[in-house]
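Colleague: Encoded as structure tokens, here's the structure I'll be asking about.
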Amino acid sequence: MLEWKGVTVSYDKKTAAADVSLSVREGEWLMLCGPNGSGKTTLLEAAAGVLPYRGSILLEGGEVREMKSASRARKMAVLSQGSRVDEDFTVAETVALGLYASRRNRFFPAPDGGERVARALEMTMLTDLRDRRMSGLSGGESQRVFLAQVFCQDTDVLLLDEATRSLDMRYQKEIYDLVRAWLARGRRCAVSVEHDLDLCRLYGTHCALLREGHLVAFGRAGEVMTGENLGKTFDMDAEEWIREKKSVWKGWMER
Amino acid sequence: MTGKIISLFLCVMMLAGCGPALAEDTRVTVTDMAGREITLDAPAERVVVLQPGDAEILYAIGAGDKVVGRGAYVDWPEEALEVPSVMSGYETNLEEIIALSPQAVIMTVMSQTEEQVKALEDAGIRVIVTDAQSLEDIYTCIALLGAVVGRNDEAKELAASMRAELAGIAAEAKALGSEGKTFYYEESPLQWGLWAGGSGIFFDDLCAMMGMKNIFGDLSGHNSVSEEQVLALNPDLIFTTTMYYGEGPAPDEEIASRAGWENVSAVKNGAILFDNTSSIARPGPRVVDAAELILELLRTLAAGNNAA
Amino acid sequence: MKDRGVIKELAVLIPALGTLAALVLCVCAGSVNIPAEKVLSTVWNGIWGRPQSGAEVSIILRVRLPRVLCAMLCGSALSLSGAAMQGLLRNPLADGSTLGVASGASLGAASAILLGIRFPGVPLAGTMVTAILFAFLSLAAILALAFAMDRSLSTHTIILIGIIYTMFVSSAMSLLVTFSGEKLRSITFWTMGSFSGADYPQVLILLGTLVVCGAGLVMLSPELNAFSGGEKNAAHLGVNVKAVRFIVLVLVSVMVGVCVSVGGSVAFVGLVVPHILRRLTGPDHRVLLPACVFGGAVFLMLCDLCARTLLSPVELPVGVVTSMIGAAVFVVVFYRTRKGVR
């Protein structure tokens with residue numbers, strides 16, 4: 001559904017991604033992992049149409065750079081970290097912004113708008129908060145509203161750019177569970193940029209490891225996320241580190 | 001104001017009285033129009049004058065040869081143009097003035113700051129500040145400048161002849177039926193918001209001598225006024241000193257063409273005077289010319305009435 | 001649900017009626033006292049083109065009415081452009097006057113007059129075109145500078161750039177004054193703003209501008225709403241960010257430029273009116289922008305009424321009134337926002 005073919009992105013005279021090829025199919029959740037500056041966010045933003053790229057990025061068969069903003073937004077939604085909106089908007093109003101691309105024309109909103117907002121609110125358990133102002137929400141609640149906004153956009157492809165960063169454990173799980181549930185509801189796919197390798201392993205069906213703009217490994221998460229590959233990606237003894245992290249919990253887990 | 005006149009009068013008297021007895025003492029003490037007392041060792045021989053009205057007074061009392069520098073806007077009489085010009089007003093340039101090595105600088109309240117005065121005095125130059133608003137102020141100013149350049153008699157003569165001429169003009173104006181007429185004195189055009197001259201300025205005094213009444217007589221000095229008021233007060237005469245740069249209609253034509261002004265008496269009767277000789281705006285000897293202009297307008301109007 | 005719909009439809013009438021009431025009040029009251037019934041009958045006869053004469057007729061139809069209409073239309077246009085800019089830049093302090101766009105436009109208008117830039121046969125066109133051009137160039141320059149300094153366009157950056165730019169413009173103005181000698185008073189007009197001398201051609205030009213540009217902005221409300229989550233978010237939602245930004249800037253420049261060439265730079269209108277209205281309507285531009293059309297009209301008409309009548313027969317520049325009211329209201333609103341009181 002979304003495919004990068006030999007994509008190269010460079011800005012400020014630096015190459016942020018070099019000749020990367022990736023693809024996501026129905027039902028898959030691709031995790032982009034790598035150290036800071038490895039080009040994972042760059043690839044995501046290129047796919048989202050906000051960065052110019054060389055090569056080809058195909059969204060449901062169409063070249064992203066040639067798509068009109070609105071038709072792109074009808075096929076693909078993006079959730080960024082720490083999204084903000086005018087704080088006087090209510091929850092429902094914020095979610096309804098996701099209807100922008102599907103309005104029929106300048107004077108008539110999307111015909112099924114009300115339904116879609118209600119569904120998105122329900123999916124994210126926000127129905128009770130629908131008339132609250134954004135200024136009164138916690139960070140986790142607010143990110144859930146933006147998740148509802150992208151659900152409301154009603155697309156088949158979802159990009160998440162470190163969507164749970166700076167959220168605590170509970171909200172991380174909440175957001176990721178919601179995305180997983182969303183994924184299960186149709187012929188859909190998702191791509192995440194994620195720093196937390198545990199989350200990648202737990203939720204991702206596929207994984208791409210990136211280092212300095214180059215693809216180190218790409219494939220099923222279980223096959224790609226090995227100590228060897230992670231070591232290459234992060235330039236460290238990853239296997240040792242993962243073992244050590246696990247050993248802390250071992251005693252308690254085996255009790 | 002009266003204080004100023006009395007003190008000036010006193011010092012002039014003193015000078016006149018002591019003249020023969022103390023022939024060597026050439027010192028001149030005057031009180032200028034900012035109320036400062038200034039002593040000159042002798043009547044000034046080299047003078048820089050910044051304001052056009054003051055310059056015109058100097059030339060009228062035969063002290064034109066003493067002017068070594070003039071403000072940029074001084075343009076009358078013609079011989080004044082031969083004198084080097086210096087920047088005046090907000091752009092007053094002290095170095096330029098000092099370079100002309102005058103003994104006295106005559107500037108208006110408007111164009112001077114205390115720092116500038118002090119700097120000039122530190123350079124050994126006496127600063128005489130003038131501030132002529134009303135007709136009486138102009139006479140005071142004439143006496144003051146006469147004392148500064150040692151032309152007291154000429155100054156007295158000038159003032160006396162101005163008084164006489166103005167009285168004559170006023171009498172003739174009254175004979176033409178000027179008494180009771182109302183007038184409006186415009187200083188800035190409608191486009192930038194109307195400004196009108198009120199009471200306390202010499203133009204108002206001139207008209208008052210002719211028995212005419214300023215529609216904005218309740219306001220003193222210069223004010224931004226409402227267009228509605230002008231229409232409601234319906235002046236018989238309109239005088240304008242608006243700047244004119246030769247582009248578009250002349251100010252008097254522009255006034256006549258204003259929407260809604262067609263019912264104003266002055267517009268109906270063509271009683272609009274646009275002065276481009278600058279005599280209306282300058283407090284100096286040419287106020288007589290201004291009075292003449294008004295009289296001329298009254299004559300034209302009277303002739304028109306007779307013909308009709 | 002149905003009841004609410006009816007109430008909503010009625011609610012649309014309130015601002016319209018309010019504006020009409022303010023219009024009537026402002027035409028009835030003025031420097032010269034004329035009984036209200038005389039005023040209304042004169043206007044009524046004027047509308048139907050019945051011949052009337054007298055000083056009062058001139059005052060009402062030739063002086064007061066065009067002036068009130070100009071103030072009304074400028075108020076709408078300035079408030080709309082303020083609200084649109086605040087939406088676009090996601091900054092409640094963005095406005096023609098704070099950013100220096102209005103000063104830029106006045107500089108354009110003043111230089112057109114001093115340099116004698118005119119289009120033969122079309123009155124006002126020279127000042128208007130240069131004012132619009134300068135407004136657009138100012139806006140472009142300010143935003144380019146702001147983006148270069150701080151991509152997020154924080155409040156501080158905006159204010160700082162506005163101050164720098166306004167200072168630059170005022171020094172350029174002083175330079176113009178130096179070269180122009182005595183055309184000083186016209187400069188005062190551009191910097192303070194006044195509707196004195198307004199006439200019907202100006203009313204028509206303002207009306208045309210407001211209808212075209214105002215409608216354009218109102219139609220862009222969904223885009224402006226999408227911008228409230230930032231430019232990137234707007235792009236993700238499917239907004240053509242570059243195009244929308246360009247169109248909004250052009251529309252705002254045209255409106256500010258035309259208003260400035262008619263009434264000088266009337267400060268704070270575009271800041272205060274949207275700020276107050278946002279408390280009532282919420283941040284949704286689809287409601288806020290139409291509300292600004294009415295709110296701005298009422299605000300500026302009343303300010304001009306104060307300017308005309310407070311010290312009668314002396315007149316104040318309307319810019320003095322809007323700045324004073326504007327600054328006071330703004331401080332109060334800002335204080336309350338900071339305190340979290342709504």
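Each chain in the structure tokens gets a letter, A, B and so on, in the order shown; residues start at 1 in every chain, and ligands are counted from 1 in the order they appear.
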Tell me the residues of chain B close to chain C, meaning within 6 Å using only C-alpha atoms, as a list of chain:residue names.
Modeller: B:Leu190, B:Gln191, B:Trp192, B:Gly193, B:Ser224, B:Val225, B:Ser226, B:Glu228, B:Gln229, B:Ala259, B:Gly260
Colleague: For those residues, write C-alpha atoms to a file as a PDB file, in the first residue's frame.
Modeller:
```
ATOM      1  CA  LEU B 190      -9.849  67.764   3.889  1.00  0.00           C
ATOM      2  CA  GLN B 191      -7.747  64.901   2.585  1.00  0.00           C
ATOM      3  CA  TRP B 192      -5.509  64.979   5.670  1.00  0.00           C
ATOM      4  CA  GLY B 193      -8.198  66.103   8.091  1.00  0.00           C
ATOM      5  CA  SER B 224      -8.126  69.806  13.899  1.00  0.00           C
ATOM      6  CA  VAL B 225     -11.826  70.469  13.344  1.00  0.00           C
ATOM      7  CA  SER B 226     -14.874  68.618  12.184  1.00  0.00           C
ATOM      8  CA  GLU B 228     -19.640  68.930   9.813  1.00  0.00           C
ATOM      9  CA  GLN B 229     -19.031  72.019  11.931  1.00  0.00           C
ATOM     10  CA  ALA B 259     -19.046  67.248  -1.993  1.00  0.00           C
ATOM     11  CA  GLY B 260     -21.578  68.825   0.331  1.00  0.00           C
TER      12      GLY B 260
END
```
Colleague: Distance limit 8 Å, atoms considered: only C-alpha atoms. Which chain C residues sit that close to chain A? Return them as a list in words.
Modeller: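 That gives Arg90, Met219, Pro222, Glu223, Asn225, Ala226, Ser228, Gly229, Gly230, Lys232, Asn233, Ala235, His236, Leu237, Gly238, Val239, Asn240, Gly282, Pro283 and Asp284 of chain C for chain C.
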Colleague: Any chance you could export the current selection's N, CA and C atoms as an mmCIF file, in the first residue's frame?
Modeller:
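What follows is the written file out-v1.cif:
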```
data_model
loop_
_atom_site.group_PDB
_atom_site.id
_atom_site.type_symbol
_atom_site.label_atom_id
_atom_site.label_comp_id
_atom_site.auth_asym_id
_atom_site.auth_seq_id
_atom_site.Cartn_x
_atom_site.Cartn_y
_atom_site.Cartn_z
ATOM 1 N N ARG C 90 -0.883 31.272 13.832
ATOM 2 C CA ARG C 90 -1.169 30.678 15.146
ATOM 3 C C ARG C 90 -0.628 31.556 16.262
ATOM 4 N N MET C 219 -14.100 32.005 3.004
ATOM 5 C CA MET C 219 -14.118 30.702 2.351
ATOM 6 C C MET C 219 -12.913 29.858 2.732
ATOM 7 N N PRO C 222 -12.002 26.777 6.661
ATOM 8 C CA PRO C 222 -11.595 25.411 6.999
ATOM 9 C C PRO C 222 -10.073 25.250 6.967
ATOM 10 N N GLU C 223 -9.429 25.903 6.002
ATOM 11 C CA GLU C 223 -7.975 25.828 5.933
ATOM 12 C C GLU C 223 -7.349 26.488 7.157
ATOM 13 N N ASN C 225 -8.675 26.825 10.033
ATOM 14 C CA ASN C 225 -8.881 25.914 11.158
ATOM 15 C C ASN C 225 -7.801 24.853 11.170
ATOM 16 N N ALA C 226 -7.519 24.287 9.991
ATOM 17 C CA ALA C 226 -6.513 23.231 9.906
ATOM 18 C C ALA C 226 -5.142 23.760 10.314
ATOM 19 N N SER C 228 -4.549 25.666 12.668
ATOM 20 C CA SER C 228 -4.433 25.875 14.107
ATOM 21 C C SER C 228 -3.602 24.788 14.771
ATOM 22 N N GLY C 229 -3.355 23.686 14.066
ATOM 23 C CA GLY C 229 -2.462 22.667 14.617
ATOM 24 C C GLY C 229 -1.058 22.790 14.063
ATOM 25 N N GLY C 230 -0.754 23.904 13.392
ATOM 26 C CA GLY C 230 0.572 24.089 12.831
ATOM 27 C C GLY C 230 0.579 23.772 11.351
ATOM 28 N N LYS C 232 2.631 21.926 9.573
ATOM 29 C CA LYS C 232 2.863 20.539 9.218
ATOM 30 C C LYS C 232 1.576 19.747 9.374
ATOM 31 N N ASN C 233 0.921 19.992 10.497
ATOM 32 C CA ASN C 233 -0.346 19.309 10.741
ATOM 33 C C ASN C 233 -1.350 19.629 9.635
ATOM 34 N N ALA C 235 -0.675 20.403 6.590
ATOM 35 C CA ALA C 235 -0.280 19.656 5.394
ATOM 36 C C ALA C 235 -0.737 18.204 5.513
ATOM 37 N N HIS C 236 -0.580 17.619 6.698
ATOM 38 C CA HIS C 236 -1.007 16.236 6.903
ATOM 39 C C HIS C 236 -2.505 16.073 6.729
ATOM 40 N N LEU C 237 -3.243 17.128 7.109
ATOM 41 C CA LEU C 237 -4.700 17.043 6.984
ATOM 42 C C LEU C 237 -5.144 17.238 5.537
ATOM 43 N N GLY C 238 -4.201 17.582 4.675
ATOM 44 C CA GLY C 238 -4.556 17.702 3.263
ATOM 45 C C GLY C 238 -4.635 19.129 2.766
ATOM 46 N N VAL C 239 -4.128 20.096 3.554
ATOM 47 C CA VAL C 239 -4.160 21.487 3.113
ATOM 48 C C VAL C 239 -2.939 21.751 2.234
ATOM 49 N N ASN C 240 -3.155 22.456 1.135
ATOM 50 C CA ASN C 240 -2.032 22.884 0.316
ATOM 51 C C ASN C 240 -1.426 24.122 0.986
ATOM 52 N N GLY C 282 -15.569 31.190 20.118
ATOM 53 C CA GLY C 282 -14.633 30.074 20.068
ATOM 54 C C GLY C 282 -13.708 30.252 18.886
ATOM 55 N N PRO C 283 -12.756 29.344 18.745
ATOM 56 C CA PRO C 283 -11.702 29.546 17.755
ATOM 57 C C PRO C 283 -12.057 29.119 16.337
ATOM 58 N N ASP C 284 -13.248 28.559 16.128
ATOM 59 C CA ASP C 284 -13.598 28.070 14.796
ATOM 60 C C ASP C 284 -13.746 29.232 13.822
#
```
Colleague: I need the residues of stretch 15-240 of chain B that end up classed as helix (DSSP H, G or I) by DSSP on the backbone, written out as a PyMOL selection string.
Modeller: chain B and resi 15-18+52-60+64-66+78-82+89-91+94-99+114-122+135-148+152-175+190-192+202-209+227-233
Colleague: Could you turn the residues from that selection into a file that holds C-alpha atoms, as a compact mmCIF listing (two decimals), in the first residue's frame?
Modeller:
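Produced file again_37.txt, reproduced below:
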```
# COMPACT_ATOMS: atom_id res chain seq x y z
CA LEU B 15 18.40 103.12 25.98
CA ALA B 16 16.86 106.22 24.54
CA GLY B 17 17.22 108.14 27.79
CA CYS B 18 20.78 107.17 28.52
CA PRO B 52 10.83 83.87 7.50
CA GLY B 53 8.65 86.38 9.41
CA ASP B 54 11.57 87.56 11.52
CA ALA B 55 13.77 87.88 8.45
CA GLU B 56 11.13 89.98 6.75
CA ILE B 57 11.04 92.30 9.76
CA LEU B 58 14.81 92.73 9.64
CA TYR B 59 14.71 93.65 5.98
CA ALA B 60 11.77 96.00 6.52
CA GLY B 64 19.04 93.42 5.70
CA ASP B 65 22.76 94.10 5.39
CA LYS B 66 23.28 92.59 8.84
CA GLU B 78 14.34 88.69 -3.06
CA GLU B 79 17.67 90.07 -1.87
CA ALA B 80 17.43 87.71 1.10
CA LEU B 81 17.95 84.80 -1.28
CA GLU B 82 21.53 85.96 -1.86
CA GLY B 89 13.20 73.78 12.24
CA TYR B 90 13.75 70.16 13.20
CA GLU B 91 16.86 70.02 11.08
CA LEU B 94 24.36 74.27 14.77
CA GLU B 95 27.68 73.83 12.99
CA GLU B 96 26.32 75.54 9.93
CA ILE B 97 25.19 78.48 12.04
CA ILE B 98 28.39 78.79 14.06
CA ALA B 99 30.44 78.67 10.87
CA GLU B 114 17.34 74.33 25.17
CA GLU B 115 20.36 72.27 24.24
CA GLN B 116 20.72 74.14 20.98
CA VAL B 117 20.42 77.52 22.69
CA LYS B 118 23.03 76.54 25.24
CA ALA B 119 25.42 75.23 22.60
CA LEU B 120 25.13 78.47 20.64
CA GLU B 121 25.62 80.62 23.73
CA ASP B 122 28.65 78.56 24.69
CA LEU B 135 -0.90 90.92 15.77
CA GLU B 136 0.36 92.56 18.98
CA ASP B 137 3.07 89.90 19.14
CA ILE B 138 4.27 91.03 15.74
CA TYR B 139 4.64 94.60 16.98
CA THR B 140 6.48 93.32 20.03
CA CYS B 141 8.73 91.29 17.77
CA ILE B 142 9.47 94.31 15.59
CA ALA B 143 10.52 96.35 18.61
CA LEU B 144 12.61 93.45 19.91
CA LEU B 145 14.47 92.92 16.64
CA GLY B 146 14.88 96.67 16.22
CA ALA B 147 16.66 96.78 19.57
CA VAL B 148 18.85 93.79 18.72
CA ASN B 152 14.91 101.28 17.15
CA ASP B 153 13.64 104.26 15.24
CA GLU B 154 13.07 102.30 12.07
CA ALA B 155 11.26 99.67 14.08
CA LYS B 156 8.99 102.27 15.64
CA GLU B 157 8.30 103.74 12.24
CA LEU B 158 7.51 100.35 10.74
CA ALA B 159 5.10 99.50 13.53
CA ALA B 160 3.41 102.90 13.30
CA SER B 161 3.00 102.71 9.55
CA MET B 162 1.66 99.15 9.80
CA ARG B 163 -0.88 100.24 12.38
CA ALA B 164 -1.93 103.14 10.22
CA GLU B 165 -2.21 101.06 7.06
CA LEU B 166 -4.14 98.33 8.81
CA ALA B 167 -6.52 100.88 10.31
CA GLY B 168 -7.08 102.31 6.84
CA ILE B 169 -7.70 98.90 5.35
CA ALA B 170 -10.06 98.02 8.20
CA ALA B 171 -12.04 101.20 7.65
CA GLU B 172 -12.35 100.53 3.94
CA ALA B 173 -13.33 96.92 4.63
CA LYS B 174 -16.06 98.05 6.97
CA ALA B 175 -17.28 100.44 4.33
CA LEU B 190 -9.85 67.76 3.89
CA GLN B 191 -7.75 64.90 2.58
CA TRP B 192 -5.51 64.98 5.67
CA PHE B 202 -2.70 87.42 13.84
CA PHE B 203 -4.91 86.45 10.94
CA ASP B 204 -7.84 86.30 13.32
CA ASP B 205 -6.82 89.74 14.65
CA LEU B 206 -6.73 91.17 11.12
CA CYS B 207 -10.25 89.93 10.46
CA ALA B 208 -11.40 91.12 13.85
CA MET B 209 -10.19 94.62 12.96
CA GLU B 227 -16.04 69.05 8.60
CA GLU B 228 -19.64 68.93 9.81
CA GLN B 229 -19.03 72.02 11.93
CA VAL B 230 -17.79 74.03 8.98
CA LEU B 231 -20.91 73.17 7.02
CA ALA B 232 -23.18 73.88 9.96
CA LEU B 233 -21.49 77.21 10.80
```
Colleague: Near A:Arg144, within 12 Å and counting only C-alpha atoms, which residues show up once chain neighbours fewer than 6 positions away are dropped, as a PyMOL selection string?
Modeller: chain A and resi 79-84+91-92+94-95+120-127+129-130+134+137-138+150-151+163-164+167+171-179
Colleague: With a distance cut-off of 6 Å and only C-alpha atoms, select the neighbouring residues of C:Met72, excluding the residue or stretch itself and same-chain residues fewer than 3 positions from it, and output the selection as an MDAnalysis selection string.
Modeller: chainID C and resid 69 75 297 301
Colleague: Kindly export the residues of the current selection with C-alpha atoms, as a CSV table (one decimal), in the first residue's frame.
Modeller:
```
chain,number,residue,atom,x,y,z
C,69,LEU,CA,-19.7,53.8,6.0
C,75,GLY,CA,-13.5,48.0,10.7
C,297,ALA,CA,-17.7,47.3,11.8
C,301,MET,CA,-17.9,53.0,13.8
```
Colleague: Would you give me, as JSON, numbers by chain, the residues in stretch 20-109 of chain A that DSSP reads as strand (DSSP E or B)?
Modeller: {"A": [20, 21, 22, 23, 24, 29, 30, 31, 32, 33, 54, 55, 56, 57, 58, 59, 62, 63, 76, 77, 78, 79, 80, 90]}
Colleague: Go ahead and write the residues just picked, N, CA and C atoms, as an mmCIF file, in the first residue's frame.
Modeller:
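After the write, again09.cif holds the following:
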```cif
data_model
loop_
_atom_site.group_PDB
_atom_site.id
_atom_site.type_symbol
_atom_site.label_atom_id
_atom_site.label_comp_id
_atom_site.auth_asym_id
_atom_site.auth_seq_id
_atom_site.Cartn_x
_atom_site.Cartn_y
_atom_site.Cartn_z
ATOM 1 N N VAL A 20 16.928 4.233 -0.326
ATOM 2 C CA VAL A 20 16.232 3.301 0.563
ATOM 3 C C VAL A 20 15.000 2.741 -0.144
ATOM 4 N N SER A 21 14.819 1.444 -0.047
ATOM 5 C CA SER A 21 13.616 0.826 -0.598
ATOM 6 C C SER A 21 12.917 0.028 0.487
ATOM 7 N N LEU A 22 11.622 0.304 0.666
ATOM 8 C CA LEU A 22 10.841 -0.350 1.707
ATOM 9 C C LEU A 22 9.431 -0.519 1.188
ATOM 10 N N SER A 23 8.663 -1.391 1.835
ATOM 11 C CA SER A 23 7.255 -1.427 1.460
ATOM 12 C C SER A 23 6.412 -1.951 2.619
ATOM 13 N N VAL A 24 5.159 -1.530 2.629
ATOM 14 C CA VAL A 24 4.201 -1.983 3.651
ATOM 15 C C VAL A 24 2.964 -2.482 2.934
ATOM 16 N N TRP A 29 2.402 -3.599 10.068
ATOM 17 C CA TRP A 29 2.786 -2.418 10.850
ATOM 18 C C TRP A 29 4.300 -2.363 10.820
ATOM 19 N N LEU A 30 4.814 -1.409 10.051
ATOM 20 C CA LEU A 30 6.264 -1.318 9.877
ATOM 21 C C LEU A 30 6.854 -0.342 10.886
ATOM 22 N N MET A 31 7.901 -0.806 11.565
ATOM 23 C CA MET A 31 8.593 0.047 12.525
ATOM 24 C C MET A 31 9.907 0.519 11.921
ATOM 25 N N LEU A 32 10.133 1.831 11.916
ATOM 26 C CA LEU A 32 11.415 2.351 11.450
ATOM 27 C C LEU A 32 12.271 2.620 12.678
ATOM 28 N N CYS A 33 13.406 1.914 12.790
ATOM 29 C CA CYS A 33 14.258 2.067 13.961
ATOM 30 C C CYS A 33 15.651 2.488 13.555
ATOM 31 N N ARG A 54 14.101 12.228 -4.025
ATOM 32 C CA ARG A 54 14.386 11.633 -5.320
ATOM 33 C C ARG A 54 14.026 10.161 -5.234
ATOM 34 N N GLY A 55 13.794 9.538 -6.359
ATOM 35 C CA GLY A 55 13.335 8.162 -6.333
ATOM 36 C C GLY A 55 11.826 8.162 -6.404
ATOM 37 N N SER A 56 11.216 7.165 -5.805
ATOM 38 C CA SER A 56 9.781 7.054 -5.971
ATOM 39 C C SER A 56 9.129 6.602 -4.665
ATOM 40 N N ILE A 57 8.067 7.247 -4.279
ATOM 41 C CA ILE A 57 7.272 6.774 -3.143
ATOM 42 C C ILE A 57 5.850 6.588 -3.652
ATOM 43 N N LEU A 58 5.378 5.383 -3.601
ATOM 44 C CA LEU A 58 4.053 5.097 -4.130
ATOM 45 C C LEU A 58 3.059 4.860 -3.003
ATOM 46 N N LEU A 59 1.982 5.634 -3.046
ATOM 47 C CA LEU A 59 0.913 5.457 -2.073
ATOM 48 C C LEU A 59 -0.291 4.895 -2.824
ATOM 49 N N GLY A 62 -0.017 5.468 -6.421
ATOM 50 C CA GLY A 62 0.221 6.815 -6.946
ATOM 51 C C GLY A 62 1.507 7.408 -6.377
ATOM 52 N N GLU A 63 2.166 8.217 -7.199
ATOM 53 C CA GLU A 63 3.399 8.862 -6.760
ATOM 54 C C GLU A 63 3.040 10.001 -5.793
ATOM 55 N N MET A 76 -3.957 8.798 3.373
ATOM 56 C CA MET A 76 -2.928 8.601 4.382
ATOM 57 C C MET A 76 -3.015 9.687 5.452
ATOM 58 N N ALA A 77 -2.978 9.280 6.711
ATOM 59 C CA ALA A 77 -3.008 10.234 7.819
ATOM 60 C C ALA A 77 -1.687 10.167 8.572
ATOM 61 N N VAL A 78 -1.342 11.265 9.223
ATOM 62 C CA VAL A 78 -0.072 11.322 9.945
ATOM 63 C C VAL A 78 -0.311 11.806 11.362
ATOM 64 N N LEU A 79 0.235 11.087 12.321
ATOM 65 C CA LEU A 79 0.165 11.532 13.717
ATOM 66 C C LEU A 79 1.581 11.847 14.175
ATOM 67 N N SER A 80 1.789 13.125 14.564
ATOM 68 C CA SER A 80 3.135 13.507 15.000
ATOM 69 C C SER A 80 3.215 13.504 16.508
ATOM 70 N N THR A 90 -12.709 22.557 21.186
ATOM 71 C CA THR A 90 -13.160 21.428 21.995
ATOM 72 C C THR A 90 -12.609 20.150 21.381
#
```
Colleague: In Å to one decimal, how far is atom CA of C:Pro290 from atom CA of A:Ala110?
Modeller: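 Separating atom CA of A:Ala110 from atom CA of C:Pro290 is a distance of 21.2 Å.
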Colleague: Within 6 Å of B:Ser265, counting only C-alpha atoms, which residues qualify if same-chain residues fewer than 2 places away don't, as a list in words?
Modeller: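 Final neighbour list, sorted by chain and number: Asp236, Val267 and Lys268 of chain B.
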